[in-house]
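Novice: Got a file for you: structure_26.cif, mmCIF, C-alpha atoms and all ligand atoms.
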data_data
loop_
_atom_site.label_atom_id
_atom_site.label_comp_id
_atom_site.auth_asym_id
_atom_site.auth_seq_id
_atom_site.Cartn_x
_atom_site.Cartn_y
_atom_site.Cartn_z
CA MET A 170 15.39 21.75 -14.45
CA ASN A 171 11.66 21.53 -15.05
CA ASP A 172 8.94 23.93 -14.01
CA PRO A 173 7.00 21.77 -11.55
CA ASP A 174 3.70 23.32 -12.68
CA GLY A 175 4.10 23.18 -16.43
CA PRO A 176 4.64 20.64 -19.20
CA VAL A 177 8.23 19.49 -19.57
CA ALA A 178 10.37 19.41 -22.68
CA SER A 179 9.52 16.50 -24.97
CA ALA A 180 13.13 15.33 -25.01
CA ARG A 181 12.81 14.30 -21.35
CA ARG A 182 9.74 12.13 -21.05
CA ARG A 183 10.88 9.78 -18.38
CA LEU A 184 8.39 8.98 -15.67
CA LEU A 185 9.37 7.39 -12.36
CA VAL A 186 6.54 5.48 -10.69
CA LEU A 187 7.08 4.49 -7.06
CA GLY A 188 5.27 1.17 -6.86
CA GLY A 189 3.93 -0.99 -4.07
CA SER A 190 0.17 -0.61 -4.59
CA THR A 191 -2.55 -1.96 -6.86
CA GLU A 192 -2.84 1.53 -8.34
CA ALA A 193 0.83 1.47 -9.41
CA SER A 194 0.24 -1.73 -11.39
CA GLU A 195 -3.00 -0.40 -12.90
CA LEU A 196 -1.32 2.86 -13.83
CA ILE A 197 1.57 1.34 -15.74
CA ARG A 198 -0.76 -1.07 -17.54
CA ALA A 199 -2.99 1.87 -18.52
CA ILE A 200 -0.04 3.92 -19.79
CA ASP A 201 1.10 0.90 -21.81
CA SER A 202 -2.34 0.20 -23.26
CA GLU A 203 -2.65 3.81 -24.39
CA GLY A 204 0.49 3.35 -26.48
CA SER A 205 2.25 6.16 -24.69
CA SER A 206 5.65 7.37 -25.78
CA VAL A 207 6.50 8.10 -22.16
CA GLU A 208 9.37 6.02 -20.79
CA VAL A 209 8.20 4.43 -17.57
CA VAL A 210 10.50 3.34 -14.77
CA LEU A 211 8.76 1.35 -12.05
CA SER A 212 10.49 1.29 -8.68
CA TYR A 213 9.91 -1.31 -5.97
CA ALA A 214 11.27 -1.35 -2.43
CA GLY A 215 11.85 -5.08 -2.89
CA ARG A 216 9.94 -6.32 0.15
CA THR A 217 8.02 -9.12 -1.58
CA ALA A 218 9.77 -12.14 -3.05
CA THR A 219 7.44 -12.36 -6.04
CA ARG A 220 5.67 -9.70 -8.06
CA LYS A 221 3.67 -9.50 -11.25
CA SER A 222 5.66 -8.90 -14.42
CA PRO A 223 5.23 -5.35 -15.71
CA PRO A 224 4.20 -4.71 -19.32
CA LYS A 225 6.97 -5.09 -21.88
CA GLY A 226 9.02 -1.93 -22.18
CA VAL A 227 8.55 -0.83 -18.58
CA GLU A 228 11.90 -0.58 -16.87
CA VAL A 229 11.95 -2.01 -13.35
CA ARG A 230 14.36 -1.07 -10.59
CA VAL A 231 14.36 -2.60 -7.11
CA GLY A 232 15.61 -1.30 -3.76
CA GLY A 233 15.83 1.94 -1.80
CA PHE A 234 17.45 5.08 -3.19
CA GLY A 235 19.26 6.02 0.01
CA GLY A 236 16.88 8.52 1.59
CA THR A 237 15.80 11.90 0.24
CA GLU A 238 19.26 12.83 -0.97
CA GLY A 239 19.73 9.53 -2.77
CA LEU A 240 16.37 9.93 -4.46
CA ALA A 241 17.14 13.52 -5.49
CA ASN A 242 20.44 12.35 -7.00
CA HIS A 243 18.66 9.54 -8.80
CA LEU A 244 16.07 11.93 -10.28
CA ARG A 245 18.90 14.07 -11.67
CA SER A 246 21.14 11.29 -12.93
CA ASP A 247 18.33 9.25 -14.48
CA GLY A 248 16.81 12.27 -16.24
CA ILE A 249 13.41 11.85 -14.63
CA SER A 250 10.80 14.33 -15.95
CA ALA A 251 8.00 13.63 -13.50
CA MET A 252 7.22 11.28 -10.67
CA ILE A 253 4.13 9.44 -9.48
CA ASP A 254 4.19 8.26 -5.89
CA ALA A 255 1.96 5.18 -6.01
CA THR A 256 3.30 3.60 -2.85
CA HIS A 257 0.86 1.87 -0.51
CA PRO A 258 -1.26 4.09 1.79
CA PHE A 259 0.74 2.64 4.73
CA ALA A 260 4.16 3.49 3.32
CA ALA A 261 5.13 5.94 6.08
CA ARG A 262 8.51 7.29 4.88
CA MET A 263 8.74 7.12 1.10
CA PRO A 264 6.01 9.73 0.39
CA PHE A 265 7.96 12.26 2.50
CA HIS A 266 11.21 11.41 0.72
CA ALA A 267 9.45 11.78 -2.64
CA ALA A 268 8.01 15.17 -1.67
CA ALA A 269 11.34 16.53 -0.44
CA ALA A 270 13.42 15.16 -3.33
CA CYS A 271 11.02 16.46 -6.00
CA ARG A 272 10.96 19.87 -4.34
CA THR A 273 14.77 19.98 -4.31
CA VAL A 274 15.23 18.90 -7.92
CA LYS A 275 12.04 20.64 -9.16
CA VAL A 276 10.50 17.54 -10.65
CA PRO A 277 6.67 17.54 -10.72
CA LEU A 278 5.17 15.01 -8.33
CA LEU A 279 1.71 13.48 -7.97
CA ARG A 280 0.65 11.03 -5.27
CA ILE A 281 -2.07 8.51 -5.95
CA VAL A 282 -3.82 7.06 -2.92
CA ARG A 283 -7.11 5.19 -2.93
CA PRO A 284 -9.81 6.37 -0.50
CA ALA A 285 -9.80 4.88 2.99
CA TRP A 286 -12.60 2.51 4.02
CA ALA A 287 -15.45 3.96 6.08
CA PRO A 288 -17.50 1.89 8.51
CA GLU A 289 -21.08 0.91 7.75
CA PRO A 290 -23.75 1.08 10.47
CA ALA A 291 -23.51 -2.64 11.36
CA ASP A 292 -19.70 -2.61 11.57
CA ARG A 293 -18.03 -3.03 14.97
CA TRP A 294 -14.76 -1.18 14.37
CA ILE A 295 -12.33 -0.16 17.07
CA HIS A 296 -10.20 2.69 15.72
CA VAL A 297 -6.50 2.84 16.62
CA THR A 298 -3.63 4.86 15.18
CA THR A 299 -0.68 2.46 15.30
CA VAL A 300 0.08 -1.26 15.20
CA ASP A 301 1.27 -1.07 18.83
CA ASP A 302 -2.10 0.39 19.82
CA ALA A 303 -3.78 -2.44 17.93
CA ALA A 304 -1.85 -4.92 20.10
CA LEU A 305 -2.97 -3.08 23.25
CA ALA A 306 -6.57 -3.24 22.02
CA VAL A 307 -6.25 -7.01 21.42
CA LYS A 308 -5.20 -7.40 25.09
CA HIS A 309 -7.93 -5.07 26.31
CA LEU A 310 -10.67 -6.86 24.36
CA ARG A 311 -9.46 -10.24 25.62
CA ALA A 312 -9.84 -11.67 22.12
CA ARG A 313 -9.05 -15.36 21.87
CA ARG A 314 -8.52 -16.06 18.18
CA VAL A 315 -7.34 -13.12 16.10
CA LEU A 316 -6.90 -12.78 12.34
CA LEU A 317 -4.01 -10.40 11.57
CA THR A 318 -4.10 -8.90 8.07
CA ILE A 319 -1.33 -6.32 8.47
CA GLY A 320 1.44 -7.92 6.43
CA ARG A 321 4.46 -9.64 7.93
CA GLN A 322 6.75 -6.75 8.94
CA GLU A 323 5.06 -5.70 12.19
CA LEU A 324 3.80 -9.00 13.61
CA SER A 325 6.17 -8.85 16.58
CA ALA A 326 4.01 -6.07 18.09
CA PHE A 327 1.54 -8.82 19.08
CA ALA A 328 4.10 -11.13 20.70
CA GLU A 329 3.06 -10.20 24.26
CA CYS A 330 -0.66 -10.86 23.68
CA GLU A 331 -2.19 -14.03 25.03
CA ALA A 332 -4.49 -14.56 22.07
CA THR A 333 -4.00 -17.22 19.40
CA PHE A 334 -3.11 -15.59 16.07
CA VAL A 335 -3.70 -16.41 12.44
CA ALA A 336 -1.52 -14.08 10.36
CA ARG A 337 -2.13 -13.74 6.65
CA CYS A 338 0.84 -12.52 4.60
CA ILE A 339 2.11 -12.66 1.02
CA ASP A 340 5.55 -13.97 2.01
CA PRO A 341 6.51 -15.93 5.14
CA PRO A 342 7.49 -13.80 8.15
CA GLU A 343 10.86 -14.29 9.82
CA THR A 344 10.93 -17.33 12.08
CA GLY A 345 9.95 -16.60 15.67
CA VAL A 346 8.43 -13.11 15.21
CA LEU A 347 5.08 -14.30 16.53
CA PRO A 348 5.56 -17.69 18.18
CA GLY A 349 2.61 -20.06 17.88
CA ALA A 350 0.87 -18.09 15.14
CA THR A 351 -0.66 -19.91 12.20
CA ILE A 352 0.65 -18.33 9.00
CA LEU A 353 -1.62 -18.23 5.96
CA LEU A 354 0.30 -17.40 2.81
CA ALA A 355 -2.04 -15.76 0.33
CA ARG A 356 -2.22 -12.79 -2.00
CA ALA A 357 -5.32 -10.64 -2.63
CA PRO A 358 -7.89 -10.46 -4.14
CA PHE A 359 -10.06 -12.29 -1.60
CA THR A 360 -13.78 -12.93 -2.07
CA LEU A 361 -16.46 -12.79 0.61
CA GLU A 362 -16.62 -16.59 0.52
CA ASP A 363 -12.83 -16.80 1.04
CA GLU A 364 -13.09 -14.55 4.07
CA LEU A 365 -16.12 -16.24 5.61
CA ASP A 366 -14.25 -19.55 5.28
CA VAL A 367 -11.09 -18.20 6.96
CA ILE A 368 -13.02 -16.68 9.84
CA ARG A 369 -15.16 -19.78 10.40
CA ASP A 370 -12.40 -22.37 9.84
CA HIS A 371 -10.08 -20.66 12.34
CA ARG A 372 -12.90 -19.69 14.75
CA ILE A 373 -11.77 -16.06 14.58
CA ASP A 374 -13.34 -13.66 17.09
CA LEU A 375 -11.42 -10.49 16.14
CA VAL A 376 -9.89 -9.13 12.91
CA VAL A 377 -7.00 -6.65 12.83
CA SER A 378 -6.71 -4.60 9.66
CA LYS A 379 -4.90 -1.57 8.31
CA ASN A 380 -7.23 0.93 6.66
CA ALA A 381 -5.74 0.21 3.27
CA GLY A 382 -8.91 0.97 1.30
CA GLY A 383 -9.67 -0.51 -2.12
CA GLU A 384 -11.62 -3.52 -3.32
CA THR A 385 -9.14 -6.39 -3.31
CA THR A 386 -9.00 -6.81 0.48
CA ARG A 387 -12.28 -5.30 1.64
CA ALA A 388 -14.23 -8.60 1.76
CA LYS A 389 -12.80 -9.36 5.22
CA LEU A 390 -14.74 -6.34 6.50
CA ASP A 391 -17.94 -7.55 4.87
CA ALA A 392 -17.38 -11.02 6.35
CA ALA A 393 -16.70 -9.61 9.83
CA ARG A 394 -19.86 -7.49 9.63
CA GLN A 395 -21.91 -10.48 8.46
CA LEU A 396 -20.63 -12.62 11.33
CA GLY A 397 -20.85 -9.83 13.93
CA ILE A 398 -17.09 -9.87 14.62
CA PRO A 399 -15.24 -6.70 15.71
CA VAL A 400 -12.41 -5.24 13.62
CA ILE A 401 -9.49 -3.27 15.02
CA MET A 402 -8.92 -0.71 12.26
CA ILE A 403 -5.49 0.92 12.13
CA ALA A 404 -5.56 4.46 10.69
CA ARG A 405 -3.20 5.54 7.91
CA PRO A 406 0.08 7.25 8.77
CA PRO A 407 0.47 11.01 8.13
CA ALA A 408 1.03 12.04 4.51
CA PRO A 409 2.98 14.96 3.04
CA PRO A 410 1.06 17.94 1.58
CA VAL A 411 1.52 17.13 -2.12
CA ASP A 412 -0.90 17.06 -5.06
CA THR A 413 -2.86 13.86 -4.56
CA VAL A 414 -5.50 11.99 -6.56
CA GLU A 415 -7.54 8.89 -5.77
CA ARG A 416 -8.11 7.44 -9.24
CA VAL A 417 -5.72 6.04 -11.82
CA GLN A 418 -7.53 8.02 -14.55
CA ASP A 419 -6.73 11.27 -12.73
CA ALA A 420 -3.07 10.28 -12.64
CA LEU A 421 -3.16 9.54 -16.39
CA ASP A 422 -4.63 12.99 -17.02
CA TRP A 423 -1.92 14.56 -14.88
CA ILE A 424 0.79 12.70 -16.79
CA ALA A 425 -0.70 13.79 -20.10
CA GLY A 426 -0.66 17.39 -18.91
CA ARG A 427 2.89 17.26 -17.55
CA ILE A 428 4.85 15.16 -19.96
CA GLY A 429 2.98 15.26 -23.20
CA ALA A 430 -0.08 13.63 -24.71
CA LEU A 431 -0.32 9.88 -24.19
CA ALA A 432 -0.59 9.20 -27.88
P1 LIG A 501 8.31 3.16 3.77
O1 LIG A 501 8.45 3.11 5.25
O2 LIG A 501 7.63 4.35 3.20
O3 LIG A 501 9.72 3.03 3.07
C1 LIG A 501 10.89 2.55 3.71
C2 LIG A 501 12.03 2.64 2.75
O4 LIG A 501 11.86 1.69 1.69
C3 LIG A 501 12.14 3.99 2.05
O5 LIG A 501 12.80 4.91 2.87
C4 LIG A 501 12.87 3.61 0.79
O6 LIG A 501 14.26 3.41 1.04
C5 LIG A 501 12.31 2.26 0.46
N1 LIG A 501 11.18 2.30 -0.47
C6 LIG A 501 9.86 2.35 -0.18
N2 LIG A 501 9.12 2.32 -1.29
C7 LIG A 501 9.99 2.26 -2.32
C8 LIG A 501 9.82 2.18 -3.73
N3 LIG A 501 8.62 2.15 -4.31
N4 LIG A 501 10.95 2.14 -4.50
C9 LIG A 501 12.18 2.15 -3.91
N5 LIG A 501 12.39 2.19 -2.59
C10 LIG A 501 11.31 2.25 -1.80
O7 LIG A 501 7.53 1.88 3.23
P2 LIG A 501 7.32 0.43 3.89
O8 LIG A 501 6.16 0.47 4.79
O9 LIG A 501 8.66 -0.07 4.38
O10 LIG A 501 6.89 -0.36 2.59
C11 LIG A 501 7.84 -0.71 1.60
C12 LIG A 501 7.14 -0.86 0.28
O11 LIG A 501 6.08 -1.82 0.41
C13 LIG A 501 6.50 0.45 -0.21
O12 LIG A 501 6.83 0.60 -1.56
C14 LIG A 501 5.02 0.25 -0.04
O13 LIG A 501 4.32 0.83 -1.10
C15 LIG A 501 4.86 -1.26 -0.06
N6 LIG A 501 3.78 -1.73 0.82
C16 LIG A 501 3.74 -1.36 2.11
C17 LIG A 501 2.71 -1.79 2.91
C18 LIG A 501 2.61 -1.40 4.34
O14 LIG A 501 1.62 -1.81 5.00
N7 LIG A 501 3.57 -0.65 4.89
C19 LIG A 501 1.72 -2.62 2.37
C20 LIG A 501 1.79 -2.99 1.03
C21 LIG A 501 2.82 -2.53 0.26
P3 LIG A 501 15.34 4.60 0.79
O15 LIG A 501 15.13 5.60 1.89
O16 LIG A 501 16.65 3.89 0.85
O17 LIG A 501 15.05 5.19 -0.57
#
Give the structure from this file in structure tokens form.
Ligand code: NAP
Specialist:
Amino acid sequence: MNDPDGPVASARRRLLVLGGSTEASELIRAIDSEGSSVEVVLSYAGRTATRKSPPKGVEVRVGGFGGTEGLANHLRSDGISAMIDATHPFAARMPFHAAAACRTVKVPLLRIVRPAWAPEPADRWIHVTTVDDAALAVKHLRARRVLLTIGRQELSAFAECEATFVARCIDPPETGVLPGATILLARAPFTLEDELDVIRDHRIDLVVSKNAGGETTRAKLDAARQLGIPVIMIARPPAPPVDTVERVQDALDWIAGRIGALA
């Protein structure tokens, strides 16, 4: 077993990256471009039908591990030396599984999470803590035409609202989860012009967003501010107390320190 605080033996340089975020993709591309000798395994939950191809040489696995115990067993059996949790800031369970499994098997763990967005003075944000609370706020505000940018998994929370919805997702939601909604299939990045067009074309009077942070989806907030439209902003779920960085470069430095120089 490895000392979670120190470098690990060079014979076991296998890094498991839990993917699902822009940072995960950037991280594995950066490791690749630095010509690292580290073996990288990139793990996806398998929620999206399509995903970008990883760099050559990166091993990809798809699907859950079977909870904390399954992940701990996987870390042992796959000879993982260190793990980076680069799941999305709204992944509510996996970061806890990662923390518990790494503690059990004594594999060093780092989480990478981009900073949350903060409102600017002209923003009209309504802060809520869950998707269900966002649906209550939609009812309370009596919004008429609402842009939902929360993915496709939790759309049913809005089914009892009287508003007309435009839901933007990467893959189509299951039929009937939000009857009558217009579904826009699109993948970030979105520009300010893209977002102004969506809001104007669909006569949107309220935007619902998760506080995902980052640049690729922030233009909707700029567009809402410019057009004076309120945004219901859903806060991030709780996170486990593990070593956490915000930048890919900090994760690269951590990897270099834990599993050998990236040379
Ligand atoms: P979650 O609640 O944290 O995870 C649910 C289950 O999915 C986990 O218990 C685990 O199954 C499996 N899982 C999650 N991430 C995995 C990974 N990288 N590799 C293998 N298995 C994984 O997360 P979620 O909200 O369902 O999201 C699923 C994935 O989509 C995450 O990887 C996340 O990064 C990404 N994502 C989520 C959102 C969002 O808004 N929630 C947005 C964009 C991307 P087992 O317990 O069986 O191991």
Novice: Output the neighbourhood of ligand LIG 501 (chain A) as a list in words, that is, all protein and nucleic acid residues with some atom at most 7 Å from the ligand, counting only C-alpha atoms and all ligand atoms.
Specialist: Leu187, Gly188, Gly189, Ser190, Ser212, Tyr213, Ala214, Arg216, Val231, Gly232, Gly233, Phe234, Gly235, Gly236, Thr237, Gly239, Leu240, Ala255, Thr256, His257, Phe259, Ala260, Ala261, Arg262, Met263, Pro264, Ile319 and Gly320 of chain A
Novice: Please compute the CA of Val276 (chain A)-CA of Ala251 (chain A) distance, one decimal, in Å.
Specialist: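 Computed distance, CA of Val276 (chain A) to CA of Ala251 (chain A), equals 5.4 Å.
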Novice: Find the spatial neighbours of Gln418 (chain A), counting all atoms listed in the file, within a cut-off of 9 Å - ignore same-chain residues fewer than 5 positions away - and output them as number ranges by chain.
Specialist: A: 196, 199, 423
Novice: Please produce an output containing C-alpha atoms for each residue in the selection, written as a short mmCIF file (atom, residue, chain, number, x, y, z; two decimals), in the coordinates of the input.
Specialist:
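Written file, out-v4.cif:
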data_model
loop_
_atom_site.label_atom_id
_atom_site.label_comp_id
_atom_site.auth_asym_id
_atom_site.auth_seq_id
_atom_site.Cartn_x
_atom_site.Cartn_y
_atom_site.Cartn_z
CA LEU A 196 -1.32 2.86 -13.83
CA ALA A 199 -2.99 1.87 -18.52
CA TRP A 423 -1.92 14.56 -14.88
#
Novice: Pick from A:Glu364, A:Glu289, A:Asp412, A:Asp374: nearest to Arg314 (chain A), with all atoms listed in the file counted?
Specialist: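 Closest to Arg314 (chain A) of all the choices is A:Asp374.
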Novice: Find the residues near region 324-335 of chain A: any atom within 6 Å, counting all atoms listed in the file, skip ones fewer than 3 places away on the same chain, and give them as a count of residues only.
Specialist: 13
Novice: With all atoms listed in the file as the basis for distance, which of A:Leu361, A:Ala267, A:Ile373, A:Asn380 is at the shortest distance from Val186 (chain A)?
Specialist: A:Ala267
Novice: Residues near Gly397 (chain A), anyone? I mean within 10 Å using all atoms listed in the file, not counting same-chain ones fewer than 5 positions away, as number ranges by chain.
Specialist: A: 291-293, 374-375, 391-392
Novice: Can you tell me how far CA of Leu390 (chain A) sits from CA of Pro406 (chain A), in Å to one decimal?
Specialist: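 Straight-line distance from CA of Leu390 (chain A) to CA of Pro406 (chain A) works out to 20.2 Å.
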Novice: With all atoms listed in the file as the basis for distance, which of A:Thr344, A:Leu396, A:Ser202, A:Val210 is at the shortest distance from Arg372 (chain A)?
Specialist: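 Ranking A:Thr344, A:Leu396, A:Ser202, A:Val210 by distance to Arg372 (chain A), first place goes to A:Leu396.
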Novice: Counting all atoms listed in the file, find residues at most 12 Å from (7.9, 4.0, -26.0) (file frame) and give them as a PyMOL selection string.
Specialist: chain A and resi 182-184+200-210+224-228+431-432
Novice: Output C-alpha atoms for every residue in that selection, as an mmCIF file, in the coordinates of the input.
Specialist:
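This went into again12.cif:
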data_model
loop_
_atom_site.group_PDB
_atom_site.id
_atom_site.type_symbol
_atom_site.label_atom_id
_atom_site.label_comp_id
_atom_site.auth_asym_id
_atom_site.auth_seq_id
_atom_site.Cartn_x
_atom_site.Cartn_y
_atom_site.Cartn_z
ATOM 1 C CA ARG A 182 9.740 12.130 -21.050
ATOM 2 C CA ARG A 183 10.880 9.780 -18.380
ATOM 3 C CA LEU A 184 8.390 8.980 -15.670
ATOM 4 C CA ILE A 200 -0.040 3.920 -19.790
ATOM 5 C CA ASP A 201 1.100 0.900 -21.810
ATOM 6 C CA SER A 202 -2.340 0.200 -23.260
ATOM 7 C CA GLU A 203 -2.650 3.810 -24.390
ATOM 8 C CA GLY A 204 0.490 3.350 -26.480
ATOM 9 C CA SER A 205 2.250 6.160 -24.690
ATOM 10 C CA SER A 206 5.650 7.370 -25.780
ATOM 11 C CA VAL A 207 6.500 8.100 -22.160
ATOM 12 C CA GLU A 208 9.370 6.020 -20.790
ATOM 13 C CA VAL A 209 8.200 4.430 -17.570
ATOM 14 C CA VAL A 210 10.500 3.340 -14.770
ATOM 15 C CA PRO A 224 4.200 -4.710 -19.320
ATOM 16 C CA LYS A 225 6.970 -5.090 -21.880
ATOM 17 C CA GLY A 226 9.020 -1.930 -22.180
ATOM 18 C CA VAL A 227 8.550 -0.830 -18.580
ATOM 19 C CA GLU A 228 11.900 -0.580 -16.870
ATOM 20 C CA LEU A 431 -0.320 9.880 -24.190
ATOM 21 C CA ALA A 432 -0.590 9.200 -27.880
#
